[in-house]
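Student: If you scroll down you'll find the structure; I have some questions about it.
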Amino acid sequence: MPSQLDVLLCALYVTLDDLFIRLGRVRPTGRPPRLSDSELVCLAVAQVLLGFNSERHWLRFVHGRLAHLFPYIPQQPAYNKRLRAAGPLLAEAIQHLASLTPSWCDQLRLMDSTPVPCGTSRETVKRSDLAGLAKYGYCAAHSRFFWGLRLHLVSTPDGIPVVWCLADPKIGEREVAEAMLERTPVPPGTLIVADKGYAGREFEDFVRQLAAVLLRPDRRDELRRLGQLGWIRQRVESVFWTLKGQLGLERHGGRTDHGVFARVAQRLVALTAAIWHNWLVGAPRKRSLVAYDH
């Protein structure tokens, strides 16, 4: 009897193959690659759902666990090269799967950011290919400094990524949020729930121009309006916990700009695929990964 992971990967392969054909990524003539783009995305999704942060360990394991689904499994250098270049492909998969979920039409959006560390030693900072892109930043939630990037995310209440980007941690959250929402505006009437870091009259005016409403906890130096909003703020924190604790966001292993982007997108597409499939099968908890982690 096939496992739930097998069922998810089969459904994902069919859906993405149709998408990539429409986008012209599948060549109608000529010799096809031994590992198609659809199979590459499925292999990348399975890797993080099963908790393998090491590509070497993953490719050794996949021969015994998923060889019946993948006729060809590349060696580590080929897989690493394909995955590093697959950032735009993974981003297209995220957007397509997100648009297929019922929560895509929800008028509530959660917005926040989280650190994506890229190194922990001074030698790494000096010698890394990310030098100049990654910077030192401060995480107020955990009272710690880090060297890397910051993931900015706008999601649905069940965790589907709607808009996301990686940015310099020294750039303010409001500046990045404005750039994201200008590029991908939310529907009129949307409620955007954010934290205190997005407080500011100019940013609230910007959100108002989008015909949306910004909800955030009250600051200590202002009159009471909405209180702490802990009941809804907990949701976006749990989305980040899923990305970090279960999908290994902080252990991505990227060493170049393309590598970090692709591996962050790999975690996001795995989360999106799991939520999308949970909607398809009617699972009670849409962000649960329990059915797919073994």
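Residue numbering restarts at 1 in every chain; chains get A, B, ... in the order shown in the structure tokens, and ligands count up from 1 in that same order.
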Please identify all polymer residues within 9 Å of A:Pro161, counting only C-alpha atoms, omitting same-chain residues fewer than 6 positions from it, and present them as a CSV table (one decimal) with C-alpha atoms, in the first residue's frame.

Tutor:
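Now in result_31.csv:
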```csv
chain,number,residue,atom,x,y,z
A,94,ILE,CA,4.9,27.7,-5.0
A,95,GLN,CA,2.7,30.3,-6.7
A,98,ALA,CA,-0.8,28.3,-3.5
A,153,LEU,CA,6.7,36.3,4.3
A,154,VAL,CA,3.1,37.1,3.7
A,155,SER,CA,1.0,34.0,4.2
A,268,LEU,CA,8.5,26.9,1.1
A,269,VAL,CA,7.4,24.6,-1.8
A,271,LEU,CA,5.2,23.4,3.0
A,272,THR,CA,2.9,24.6,0.2
```

Student: Skipping near chain neighbours, those fewer than 6 positions away, what residues fall within 10 Å of stretch 236-240 of chain A using only C-alpha atoms, listed as a PDB file with N, CA and C atoms, in the first residue's frame?

Tutor:
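Listing of part.pdb after writing:
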```pdb
ATOM      1  N   ARG A 109      -4.420  37.980   5.835  1.00  0.00           N
ATOM      2  CA  ARG A 109      -3.026  37.689   5.526  1.00  0.00           C
ATOM      3  C   ARG A 109      -2.176  37.940   6.775  1.00  0.00           C
ATOM      4  N   LEU A 110      -1.196  37.070   6.980  1.00  0.00           N
ATOM      5  CA  LEU A 110      -0.245  37.208   8.081  1.00  0.00           C
ATOM      6  C   LEU A 110       1.089  37.657   7.510  1.00  0.00           C
ATOM      7  N   MET A 111       1.737  38.603   8.155  1.00  0.00           N
ATOM      8  CA  MET A 111       2.987  39.166   7.625  1.00  0.00           C
ATOM      9  C   MET A 111       4.025  39.257   8.736  1.00  0.00           C
ATOM     10  N   ASP A 112       5.219  38.768   8.453  1.00  0.00           N
ATOM     11  CA  ASP A 112       6.310  38.839   9.427  1.00  0.00           C
ATOM     12  C   ASP A 112       7.606  38.484   8.714  1.00  0.00           C
ATOM     13  N   SER A 113       8.718  38.493   9.457  1.00  0.00           N
ATOM     14  CA  SER A 113      10.012  38.116   8.905  1.00  0.00           C
ATOM     15  C   SER A 113      10.767  37.301   9.933  1.00  0.00           C
ATOM     16  N   THR A 114      11.758  36.544   9.455  1.00  0.00           N
ATOM     17  CA  THR A 114      12.555  35.703  10.339  1.00  0.00           C
ATOM     18  C   THR A 114      13.970  35.603   9.789  1.00  0.00           C
ATOM     19  N   LEU A 151      14.141  36.364   5.841  1.00  0.00           N
ATOM     20  CA  LEU A 151      13.009  35.927   5.028  1.00  0.00           C
ATOM     21  C   LEU A 151      11.777  36.725   5.422  1.00  0.00           C
ATOM     22  N   LEU A 153       7.775  37.235   4.749  1.00  0.00           N
ATOM     23  CA  LEU A 153       6.713  36.344   4.286  1.00  0.00           C
ATOM     24  C   LEU A 153       5.341  36.937   4.543  1.00  0.00           C
ATOM     25  N   VAL A 154       4.498  36.874   3.527  1.00  0.00           N
ATOM     26  CA  VAL A 154       3.064  37.145   3.664  1.00  0.00           C
ATOM     27  C   VAL A 154       2.358  35.834   3.364  1.00  0.00           C
ATOM     28  N   SER A 155       1.578  35.333   4.322  1.00  0.00           N
ATOM     29  CA  SER A 155       0.964  34.014   4.161  1.00  0.00           C
ATOM     30  C   SER A 155      -0.514  34.063   4.492  1.00  0.00           C
ATOM     31  N   THR A 156      -1.213  33.007   4.105  1.00  0.00           N
ATOM     32  CA  THR A 156      -2.598  32.809   4.519  1.00  0.00           C
ATOM     33  C   THR A 156      -2.600  32.275   5.951  1.00  0.00           C
ATOM     34  N   PRO A 157      -3.751  32.248   6.618  1.00  0.00           N
ATOM     35  CA  PRO A 157      -3.782  31.742   7.999  1.00  0.00           C
ATOM     36  C   PRO A 157      -3.317  30.302   8.148  1.00  0.00           C
ATOM     37  N   ASP A 158      -3.456  29.479   7.105  1.00  0.00           N
ATOM     38  CA  ASP A 158      -3.016  28.086   7.224  1.00  0.00           C
ATOM     39  C   ASP A 158      -1.557  27.898   6.821  1.00  0.00           C
ATOM     40  N   GLY A 159      -0.867  28.976   6.435  1.00  0.00           N
ATOM     41  CA  GLY A 159       0.565  28.895   6.171  1.00  0.00           C
ATOM     42  C   GLY A 159       0.974  28.918   4.722  1.00  0.00           C
ATOM     43  N   ILE A 160       0.055  29.072   3.784  1.00  0.00           N
ATOM     44  CA  ILE A 160       0.399  29.117   2.365  1.00  0.00           C
ATOM     45  C   ILE A 160       1.163  30.411   2.047  1.00  0.00           C
ATOM     46  N   PRO A 161       2.392  30.346   1.501  1.00  0.00           N
ATOM     47  CA  PRO A 161       3.117  31.571   1.133  1.00  0.00           C
ATOM     48  C   PRO A 161       2.430  32.282  -0.033  1.00  0.00           C
ATOM     49  N   VAL A 193      -2.329  41.128   9.210  1.00  0.00           N
ATOM     50  CA  VAL A 193      -1.935  41.075  10.619  1.00  0.00           C
ATOM     51  C   VAL A 193      -0.414  41.021  10.683  1.00  0.00           C
ATOM     52  N   ALA A 194       0.183  41.972  11.380  1.00  0.00           N
ATOM     53  CA  ALA A 194       1.635  42.062  11.494  1.00  0.00           C
ATOM     54  C   ALA A 194       2.014  42.323  12.942  1.00  0.00           C
ATOM     55  N   ASP A 195       3.326  42.454  13.215  1.00  0.00           N
ATOM     56  CA  ASP A 195       3.765  42.714  14.575  1.00  0.00           C
ATOM     57  C   ASP A 195       4.130  44.194  14.740  1.00  0.00           C
ATOM     58  N   GLN A 246      10.716  21.751  11.496  1.00  0.00           N
ATOM     59  CA  GLN A 246      10.412  20.532  10.747  1.00  0.00           C
ATOM     60  C   GLN A 246      11.037  20.497   9.359  1.00  0.00           C
ATOM     61  N   LEU A 247      11.225  21.647   8.752  1.00  0.00           N
ATOM     62  CA  LEU A 247      11.731  21.684   7.376  1.00  0.00           C
ATOM     63  C   LEU A 247      13.162  22.211   7.273  1.00  0.00           C
ATOM     64  N   LEU A 249      14.813  25.168   7.905  1.00  0.00           N
ATOM     65  CA  LEU A 249      15.113  26.434   7.238  1.00  0.00           C
ATOM     66  C   LEU A 249      16.483  26.978   7.638  1.00  0.00           C
ATOM     67  N   LEU A 271       6.357  23.039   2.153  1.00  0.00           N
ATOM     68  CA  LEU A 271       5.246  23.434   3.021  1.00  0.00           C
ATOM     69  C   LEU A 271       3.975  23.655   2.218  1.00  0.00           C
ATOM     70  N   ARG A 287      -1.760  22.243   8.056  1.00  0.00           N
ATOM     71  CA  ARG A 287      -0.315  22.428   8.034  1.00  0.00           C
ATOM     72  C   ARG A 287       0.424  21.251   8.663  1.00  0.00           C
TER      73      ARG A 287
END
```

Student: I want to know what sits within 10 Å of stretch 79-81 of chain A, based on only C-alpha atoms, with residues of the same chain fewer than 5 positions away left out; could you give that as a list in words?

Tutor: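 These residues fall inside the cut-off: Leu35, Leu40, Leu43, Ala44, Glu55, Arg56, Leu59, Ile73, Pro74, Ala86 and Gly259 of chain A.
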
Student: Apply DSSP to the backbone of this structure and, from stretch 34-130 of chain A, keep only the residues in helix (DSSP H, G or I); write these as a PDB file with N, CA and C atoms, in the first residue's frame.

Tutor:
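Printed below is part_30.pdb as written:
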```pdb
ATOM      1  N   ASP A  37      12.109  18.440 -14.882  1.00  0.00           N
ATOM      2  CA  ASP A  37      11.921  19.507 -13.893  1.00  0.00           C
ATOM      3  C   ASP A  37      10.884  19.108 -12.849  1.00  0.00           C
ATOM      4  N   SER A  38       9.814  18.452 -13.283  1.00  0.00           N
ATOM      5  CA  SER A  38       8.773  18.022 -12.342  1.00  0.00           C
ATOM      6  C   SER A  38       9.331  17.013 -11.346  1.00  0.00           C
ATOM      7  N   GLU A  39      10.145  16.074 -11.826  1.00  0.00           N
ATOM      8  CA  GLU A  39      10.755  15.098 -10.932  1.00  0.00           C
ATOM      9  C   GLU A  39      11.758  15.752  -9.992  1.00  0.00           C
ATOM     10  N   LEU A  40      12.481  16.760 -10.477  1.00  0.00           N
ATOM     11  CA  LEU A  40      13.434  17.462  -9.627  1.00  0.00           C
ATOM     12  C   LEU A  40      12.726  18.147  -8.467  1.00  0.00           C
ATOM     13  N   VAL A  41      11.609  18.831  -8.741  1.00  0.00           N
ATOM     14  CA  VAL A  41      10.869  19.504  -7.682  1.00  0.00           C
ATOM     15  C   VAL A  41      10.328  18.484  -6.687  1.00  0.00           C
ATOM     16  N   CYS A  42       9.802  17.378  -7.181  1.00  0.00           N
ATOM     17  CA  CYS A  42       9.278  16.336  -6.289  1.00  0.00           C
ATOM     18  C   CYS A  42      10.385  15.755  -5.424  1.00  0.00           C
ATOM     19  N   LEU A  43      11.552  15.547  -6.005  1.00  0.00           N
ATOM     20  CA  LEU A  43      12.690  15.016  -5.247  1.00  0.00           C
ATOM     21  C   LEU A  43      13.127  16.015  -4.174  1.00  0.00           C
ATOM     22  N   ALA A  44      13.118  17.302  -4.518  1.00  0.00           N
ATOM     23  CA  ALA A  44      13.493  18.336  -3.555  1.00  0.00           C
ATOM     24  C   ALA A  44      12.470  18.444  -2.429  1.00  0.00           C
ATOM     25  N   VAL A  45      11.192  18.303  -2.747  1.00  0.00           N
ATOM     26  CA  VAL A  45      10.138  18.344  -1.728  1.00  0.00           C
ATOM     27  C   VAL A  45      10.266  17.162  -0.778  1.00  0.00           C
ATOM     28  N   ALA A  46      10.478  15.972  -1.335  1.00  0.00           N
ATOM     29  CA  ALA A  46      10.624  14.785  -0.496  1.00  0.00           C
ATOM     30  C   ALA A  46      11.825  14.897   0.427  1.00  0.00           C
ATOM     31  N   GLN A  47      12.888  15.516  -0.043  1.00  0.00           N
ATOM     32  CA  GLN A  47      14.097  15.649   0.771  1.00  0.00           C
ATOM     33  C   GLN A  47      13.830  16.381   2.076  1.00  0.00           C
ATOM     34  N   VAL A  48      13.143  17.530   1.999  1.00  0.00           N
ATOM     35  CA  VAL A  48      12.928  18.308   3.222  1.00  0.00           C
ATOM     36  C   VAL A  48      11.784  17.734   4.055  1.00  0.00           C
ATOM     37  N   LEU A  49      10.792  17.112   3.430  1.00  0.00           N
ATOM     38  CA  LEU A  49       9.721  16.502   4.208  1.00  0.00           C
ATOM     39  C   LEU A  49      10.236  15.336   5.040  1.00  0.00           C
ATOM     40  N   GLU A  55      22.591  16.626   1.269  1.00  0.00           N
ATOM     41  CA  GLU A  55      22.261  16.038  -0.034  1.00  0.00           C
ATOM     42  C   GLU A  55      22.927  14.678  -0.215  1.00  0.00           C
ATOM     43  N   ARG A  56      24.119  14.518   0.321  1.00  0.00           N
ATOM     44  CA  ARG A  56      24.819  13.235   0.204  1.00  0.00           C
ATOM     45  C   ARG A  56      24.049  12.124   0.924  1.00  0.00           C
ATOM     46  N   HIS A  57      23.599  12.397   2.140  1.00  0.00           N
ATOM     47  CA  HIS A  57      22.811  11.405   2.872  1.00  0.00           C
ATOM     48  C   HIS A  57      21.469  11.160   2.198  1.00  0.00           C
ATOM     49  N   TRP A  58      20.883  12.221   1.644  1.00  0.00           N
ATOM     50  CA  TRP A  58      19.578  12.092   1.006  1.00  0.00           C
ATOM     51  C   TRP A  58      19.643  11.194  -0.223  1.00  0.00           C
ATOM     52  N   LEU A  59      20.601  11.405  -1.098  1.00  0.00           N
ATOM     53  CA  LEU A  59      20.685  10.617  -2.326  1.00  0.00           C
ATOM     54  C   LEU A  59      21.060   9.168  -2.034  1.00  0.00           C
ATOM     55  N   ARG A  60      21.750   8.934  -0.924  1.00  0.00           N
ATOM     56  CA  ARG A  60      22.031   7.569  -0.537  1.00  0.00           C
ATOM     57  C   ARG A  60      20.750   6.881  -0.029  1.00  0.00           C
ATOM     58  N   PHE A  61      19.920   7.642   0.666  1.00  0.00           N
ATOM     59  CA  PHE A  61      18.692   7.084   1.238  1.00  0.00           C
ATOM     60  C   PHE A  61      17.607   6.871   0.188  1.00  0.00           C
ATOM     61  N   VAL A  62      17.517   7.774  -0.789  1.00  0.00           N
ATOM     62  CA  VAL A  62      16.384   7.774  -1.708  1.00  0.00           C
ATOM     63  C   VAL A  62      16.359   6.540  -2.601  1.00  0.00           C
ATOM     64  N   HIS A  63      17.505   5.914  -2.824  1.00  0.00           N
ATOM     65  CA  HIS A  63      17.529   4.705  -3.655  1.00  0.00           C
ATOM     66  C   HIS A  63      16.684   3.597  -3.040  1.00  0.00           C
ATOM     67  N   GLY A  64      16.673   3.490  -1.721  1.00  0.00           N
ATOM     68  CA  GLY A  64      15.896   2.445  -1.084  1.00  0.00           C
ATOM     69  C   GLY A  64      14.475   2.838  -0.769  1.00  0.00           C
ATOM     70  N   ARG A  65      14.213   4.149  -0.606  1.00  0.00           N
ATOM     71  CA  ARG A  65      12.881   4.598  -0.180  1.00  0.00           C
ATOM     72  C   ARG A  65      11.984   5.018  -1.333  1.00  0.00           C
ATOM     73  N   GLN A  76      25.323  13.252  -6.579  1.00  0.00           N
ATOM     74  CA  GLN A  76      25.281  14.496  -5.809  1.00  0.00           C
ATOM     75  C   GLN A  76      25.701  15.721  -6.608  1.00  0.00           C
ATOM     76  N   PRO A  77      26.813  15.711  -7.392  1.00  0.00           N
ATOM     77  CA  PRO A  77      27.176  16.934  -8.132  1.00  0.00           C
ATOM     78  C   PRO A  77      26.081  17.394  -9.092  1.00  0.00           C
ATOM     79  N   ALA A  78      25.466  16.439  -9.800  1.00  0.00           N
ATOM     80  CA  ALA A  78      24.420  16.810 -10.759  1.00  0.00           C
ATOM     81  C   ALA A  78      23.179  17.325 -10.032  1.00  0.00           C
ATOM     82  N   TYR A  79      22.815  16.669  -8.937  1.00  0.00           N
ATOM     83  CA  TYR A  79      21.632  17.107  -8.173  1.00  0.00           C
ATOM     84  C   TYR A  79      21.865  18.491  -7.582  1.00  0.00           C
ATOM     85  N   ASN A  80      23.051  18.725  -7.023  1.00  0.00           N
ATOM     86  CA  ASN A  80      23.371  20.018  -6.444  1.00  0.00           C
ATOM     87  C   ASN A  80      23.324  21.119  -7.495  1.00  0.00           C
ATOM     88  N   LYS A  81      23.867  20.842  -8.681  1.00  0.00           N
ATOM     89  CA  LYS A  81      23.869  21.833  -9.759  1.00  0.00           C
ATOM     90  C   LYS A  81      22.453  22.148 -10.224  1.00  0.00           C
ATOM     91  N   ARG A  82      21.627  21.108 -10.393  1.00  0.00           N
ATOM     92  CA  ARG A  82      20.249  21.330 -10.834  1.00  0.00           C
ATOM     93  C   ARG A  82      19.455  22.088  -9.777  1.00  0.00           C
ATOM     94  N   LEU A  83      19.673  21.745  -8.508  1.00  0.00           N
ATOM     95  CA  LEU A  83      18.908  22.384  -7.441  1.00  0.00           C
ATOM     96  C   LEU A  83      19.287  23.848  -7.282  1.00  0.00           C
ATOM     97  N   ARG A  84      20.596  24.166  -7.403  1.00  0.00           N
ATOM     98  CA  ARG A  84      21.020  25.562  -7.289  1.00  0.00           C
ATOM     99  C   ARG A  84      20.382  26.432  -8.364  1.00  0.00           C
ATOM    100  N   GLY A  87      15.871  27.805  -8.527  1.00  0.00           N
ATOM    101  CA  GLY A  87      15.140  28.790  -7.745  1.00  0.00           C
ATOM    102  C   GLY A  87      13.896  29.328  -8.435  1.00  0.00           C
ATOM    103  N   PRO A  88      13.993  29.839  -9.677  1.00  0.00           N
ATOM    104  CA  PRO A  88      12.792  30.327 -10.366  1.00  0.00           C
ATOM    105  C   PRO A  88      11.745  29.228 -10.581  1.00  0.00           C
ATOM    106  N   LEU A  89      12.202  28.006 -10.840  1.00  0.00           N
ATOM    107  CA  LEU A  89      11.286  26.883 -11.031  1.00  0.00           C
ATOM    108  C   LEU A  89      10.494  26.619  -9.758  1.00  0.00           C
ATOM    109  N   LEU A  90      11.179  26.608  -8.623  1.00  0.00           N
ATOM    110  CA  LEU A  90      10.525  26.374  -7.339  1.00  0.00           C
ATOM    111  C   LEU A  90       9.564  27.509  -7.004  1.00  0.00           C
ATOM    112  N   ALA A  91       9.945  28.753  -7.337  1.00  0.00           N
ATOM    113  CA  ALA A  91       9.064  29.893  -7.078  1.00  0.00           C
ATOM    114  C   ALA A  91       7.772  29.777  -7.884  1.00  0.00           C
ATOM    115  N   GLU A  92       7.868  29.327  -9.135  1.00  0.00           N
ATOM    116  CA  GLU A  92       6.670  29.130  -9.949  1.00  0.00           C
ATOM    117  C   GLU A  92       5.787  28.031  -9.364  1.00  0.00           C
ATOM    118  N   ALA A  93       6.414  26.969  -8.851  1.00  0.00           N
ATOM    119  CA  ALA A  93       5.653  25.885  -8.238  1.00  0.00           C
ATOM    120  C   ALA A  93       4.923  26.370  -6.990  1.00  0.00           C
ATOM    121  N   ILE A  94       5.577  27.203  -6.176  1.00  0.00           N
ATOM    122  CA  ILE A  94       4.937  27.737  -4.972  1.00  0.00           C
ATOM    123  C   ILE A  94       3.699  28.548  -5.342  1.00  0.00           C
ATOM    124  N   GLN A  95       3.854  29.452  -6.298  1.00  0.00           N
ATOM    125  CA  GLN A  95       2.739  30.324  -6.679  1.00  0.00           C
ATOM    126  C   GLN A  95       1.576  29.518  -7.245  1.00  0.00           C
ATOM    127  N   HIS A  96       1.887  28.512  -8.073  1.00  0.00           N
ATOM    128  CA  HIS A  96       0.823  27.726  -8.691  1.00  0.00           C
ATOM    129  C   HIS A  96       0.066  26.900  -7.653  1.00  0.00           C
ATOM    130  N   LEU A  97       0.783  26.199  -6.777  1.00  0.00           N
ATOM    131  CA  LEU A  97       0.129  25.384  -5.760  1.00  0.00           C
ATOM    132  C   LEU A  97      -0.669  26.254  -4.790  1.00  0.00           C
ATOM    133  N   ALA A  98      -0.104  27.426  -4.440  1.00  0.00           N
ATOM    134  CA  ALA A  98      -0.815  28.325  -3.535  1.00  0.00           C
ATOM    135  C   ALA A  98      -2.136  28.776  -4.131  1.00  0.00           C
ATOM    136  N   SER A  99      -2.151  29.064  -5.434  1.00  0.00           N
ATOM    137  CA  SER A  99      -3.379  29.544  -6.077  1.00  0.00           C
ATOM    138  C   SER A  99      -4.441  28.460  -6.184  1.00  0.00           C
ATOM    139  N   PRO A 102      -7.955  26.549  -1.306  1.00  0.00           N
ATOM    140  CA  PRO A 102      -9.098  27.426  -0.972  1.00  0.00           C
ATOM    141  C   PRO A 102      -8.708  28.656  -0.164  1.00  0.00           C
ATOM    142  N   SER A 103      -7.675  28.547   0.684  1.00  0.00           N
ATOM    143  CA  SER A 103      -7.299  29.678   1.521  1.00  0.00           C
ATOM    144  C   SER A 103      -6.692  30.826   0.723  1.00  0.00           C
ATOM    145  N   TRP A 104      -6.358  30.589  -0.552  1.00  0.00           N
ATOM    146  CA  TRP A 104      -5.828  31.663  -1.407  1.00  0.00           C
ATOM    147  C   TRP A 104      -6.833  32.816  -1.502  1.00  0.00           C
ATOM    148  N   CYS A 105      -8.120  32.514  -1.419  1.00  0.00           N
ATOM    149  CA  CYS A 105      -9.168  33.531  -1.534  1.00  0.00           C
ATOM    150  C   CYS A 105      -9.535  34.152  -0.188  1.00  0.00           C
ATOM    151  N   ARG A 122      33.585  33.617  12.215  1.00  0.00           N
ATOM    152  CA  ARG A 122      34.202  34.770  11.574  1.00  0.00           C
ATOM    153  C   ARG A 122      34.882  34.385  10.270  1.00  0.00           C
ATOM    154  N   GLU A 123      35.493  33.209  10.219  1.00  0.00           N
ATOM    155  CA  GLU A 123      36.148  32.748   8.998  1.00  0.00           C
ATOM    156  C   GLU A 123      35.137  32.563   7.867  1.00  0.00           C
ATOM    157  N   THR A 124      33.952  32.043   8.203  1.00  0.00           N
ATOM    158  CA  THR A 124      32.910  31.889   7.184  1.00  0.00           C
ATOM    159  C   THR A 124      32.511  33.237   6.612  1.00  0.00           C
ATOM    160  N   VAL A 125      32.366  34.217   7.492  1.00  0.00           N
ATOM    161  CA  VAL A 125      31.973  35.558   7.046  1.00  0.00           C
ATOM    162  C   VAL A 125      33.009  36.141   6.089  1.00  0.00           C
ATOM    163  N   LYS A 126      34.292  35.912   6.358  1.00  0.00           N
ATOM    164  CA  LYS A 126      35.351  36.492   5.534  1.00  0.00           C
ATOM    165  C   LYS A 126      35.519  35.759   4.210  1.00  0.00           C
ATOM    166  N   ARG A 127      35.301  34.437   4.191  1.00  0.00           N
ATOM    167  CA  ARG A 127      35.638  33.642   3.013  1.00  0.00           C
ATOM    168  C   ARG A 127      34.425  33.193   2.205  1.00  0.00           C
TER     169      ARG A 127
END
```

Student: Go ahead and compute the interatomic distance for atom CA of A:Ile275 and atom CA of A:Arg233, in Å to one decimal.

Tutor: 19.5 Å

Student: What lies within 7 Å of stretch 197-212 of chain A using only C-alpha atoms, ignoring chain neighbours under 5 positions off, as an MDAnalysis selection string?

Tutor: chainID A and resid 173:174 188:191

Student: Would you mind listing what lies within 9 Å of stretch 277-281 of chain A as a list of chain:residue names, with only C-alpha atoms counted and same-chain residues fewer than 6 positions away left out?

Tutor: A:Leu8, A:Ala11, A:Leu12, A:Thr101, A:Pro102, A:Arg287, A:Ser288

Student: Create the file for the chosen residues now, containing N, CA and C atoms and written as a compact mmCIF listing (two decimals), in the first residue's frame.

Tutor:
```txt
# COMPACT_ATOMS: atom_id res chain seq x y z
N LEU A 8 1.30 11.99 -2.23
CA LEU A 8 1.57 13.41 -2.40
C LEU A 8 2.49 13.65 -3.59
N ALA A 11 0.69 13.12 -6.97
CA ALA A 11 -0.22 14.22 -7.28
C ALA A 11 0.56 15.48 -7.63
N LEU A 12 1.65 15.72 -6.92
CA LEU A 12 2.48 16.90 -7.19
C LEU A 12 3.13 16.81 -8.55
N THR A 101 -5.21 26.38 -3.64
CA THR A 101 -5.76 26.09 -2.33
C THR A 101 -6.93 27.03 -2.02
N PRO A 102 -7.96 26.55 -1.31
CA PRO A 102 -9.10 27.43 -0.97
C PRO A 102 -8.71 28.66 -0.16
N ARG A 287 -1.76 22.24 8.06
CA ARG A 287 -0.32 22.43 8.03
C ARG A 287 0.42 21.25 8.66
N SER A 288 -0.27 20.18 8.97
CA SER A 288 0.37 19.03 9.56
C SER A 288 1.21 18.28 8.54
```

Student: With only C-alpha atoms as the counted atoms, please give the residues lying no more than 9 Å from A:Ala291, apart from itself and same-chain residues fewer than 3 positions off, as a ChimeraX atom specification.

Tutor: /A:3-5,288,294

Student: Could those selected residues go to a file with C-alpha atoms, as a JSON list (two decimals), in the first residue's frame?

Tutor:
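Now in again_13.json:
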```
[["chain", "number", "residue", "atom", "x", "y", "z"],
["A", 3, "SER", "CA", 2.38, 5.82, 1.81],
["A", 4, "GLN", "CA", 0.88, 9.29, 2.04],
["A", 5, "LEU", "CA", 4.21, 10.69, 0.88],
["A", 288, "SER", "CA", 0.37, 19.03, 9.56],
["A", 294, "HIS", "CA", 8.29, 8.89, 7.06]]
```

Student: For A:Asp257, which residue out of A:Ala67, A:Leu133, A:Leu50, A:Ala140 is the nearest one, using only C-alpha atoms?

Tutor: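 Closest to A:Asp257 of all the choices is A:Leu133.
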
Student: Can you check which residues of stretch 82-134 of chain A DSSP gives as strand (DSSP E or B) on the backbone and send them as a VMD selection string?

Tutor: chain A and resid 108 to 119 131 134

Student: Once you have the residues from the selection above, write them out as a compact mmCIF listing (two decimals), in the first residue's frame, restricted to N, CA and C atoms.

Tutor:
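See result_35.txt below for the written result:
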```txt
# COMPACT_ATOMS: atom_id res chain seq x y z
N LEU A 108 -7.72 37.32 4.88
CA LEU A 108 -6.81 37.55 6.00
C LEU A 108 -5.41 37.12 5.60
N ARG A 109 -4.42 37.98 5.84
CA ARG A 109 -3.03 37.69 5.53
C ARG A 109 -2.18 37.94 6.77
N LEU A 110 -1.20 37.07 6.98
CA LEU A 110 -0.24 37.21 8.08
C LEU A 110 1.09 37.66 7.51
N MET A 111 1.74 38.60 8.16
CA MET A 111 2.99 39.17 7.63
C MET A 111 4.02 39.26 8.74
N ASP A 112 5.22 38.77 8.45
CA ASP A 112 6.31 38.84 9.43
C ASP A 112 7.61 38.48 8.71
N SER A 113 8.72 38.49 9.46
CA SER A 113 10.01 38.12 8.91
C SER A 113 10.77 37.30 9.93
N THR A 114 11.76 36.54 9.46
CA THR A 114 12.55 35.70 10.34
C THR A 114 13.97 35.60 9.79
N PRO A 115 14.98 35.45 10.66
CA PRO A 115 16.36 35.35 10.18
C PRO A 115 16.60 34.05 9.42
N VAL A 116 17.48 34.12 8.43
CA VAL A 116 17.98 32.95 7.71
C VAL A 116 19.50 32.97 7.84
N PRO A 117 20.06 32.40 8.91
CA PRO A 117 21.51 32.44 9.10
C PRO A 117 22.24 31.71 7.98
N CYS A 118 23.40 32.25 7.59
CA CYS A 118 24.20 31.65 6.52
C CYS A 118 25.62 31.32 6.98
N GLY A 119 25.93 31.56 8.23
CA GLY A 119 27.25 31.24 8.76
C GLY A 119 27.31 31.58 10.23
N ALA A 131 29.56 36.83 0.95
CA ALA A 131 30.06 38.10 1.47
C ALA A 131 29.63 39.24 0.54
N ALA A 134 25.01 38.68 2.24
CA ALA A 134 24.60 38.44 3.62
C ALA A 134 25.23 39.49 4.53
```

Student: From the set A:Val260, A:Val7, A:Val290, A:Val176, which residue has the shortest atom-to-atom contact distance to A:Leu69, counting only C-alpha atoms?

Tutor: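 Of A:Val260, A:Val7, A:Val290, A:Val176, the one nearest A:Leu69 is A:Val7, counting only C-alpha atoms.
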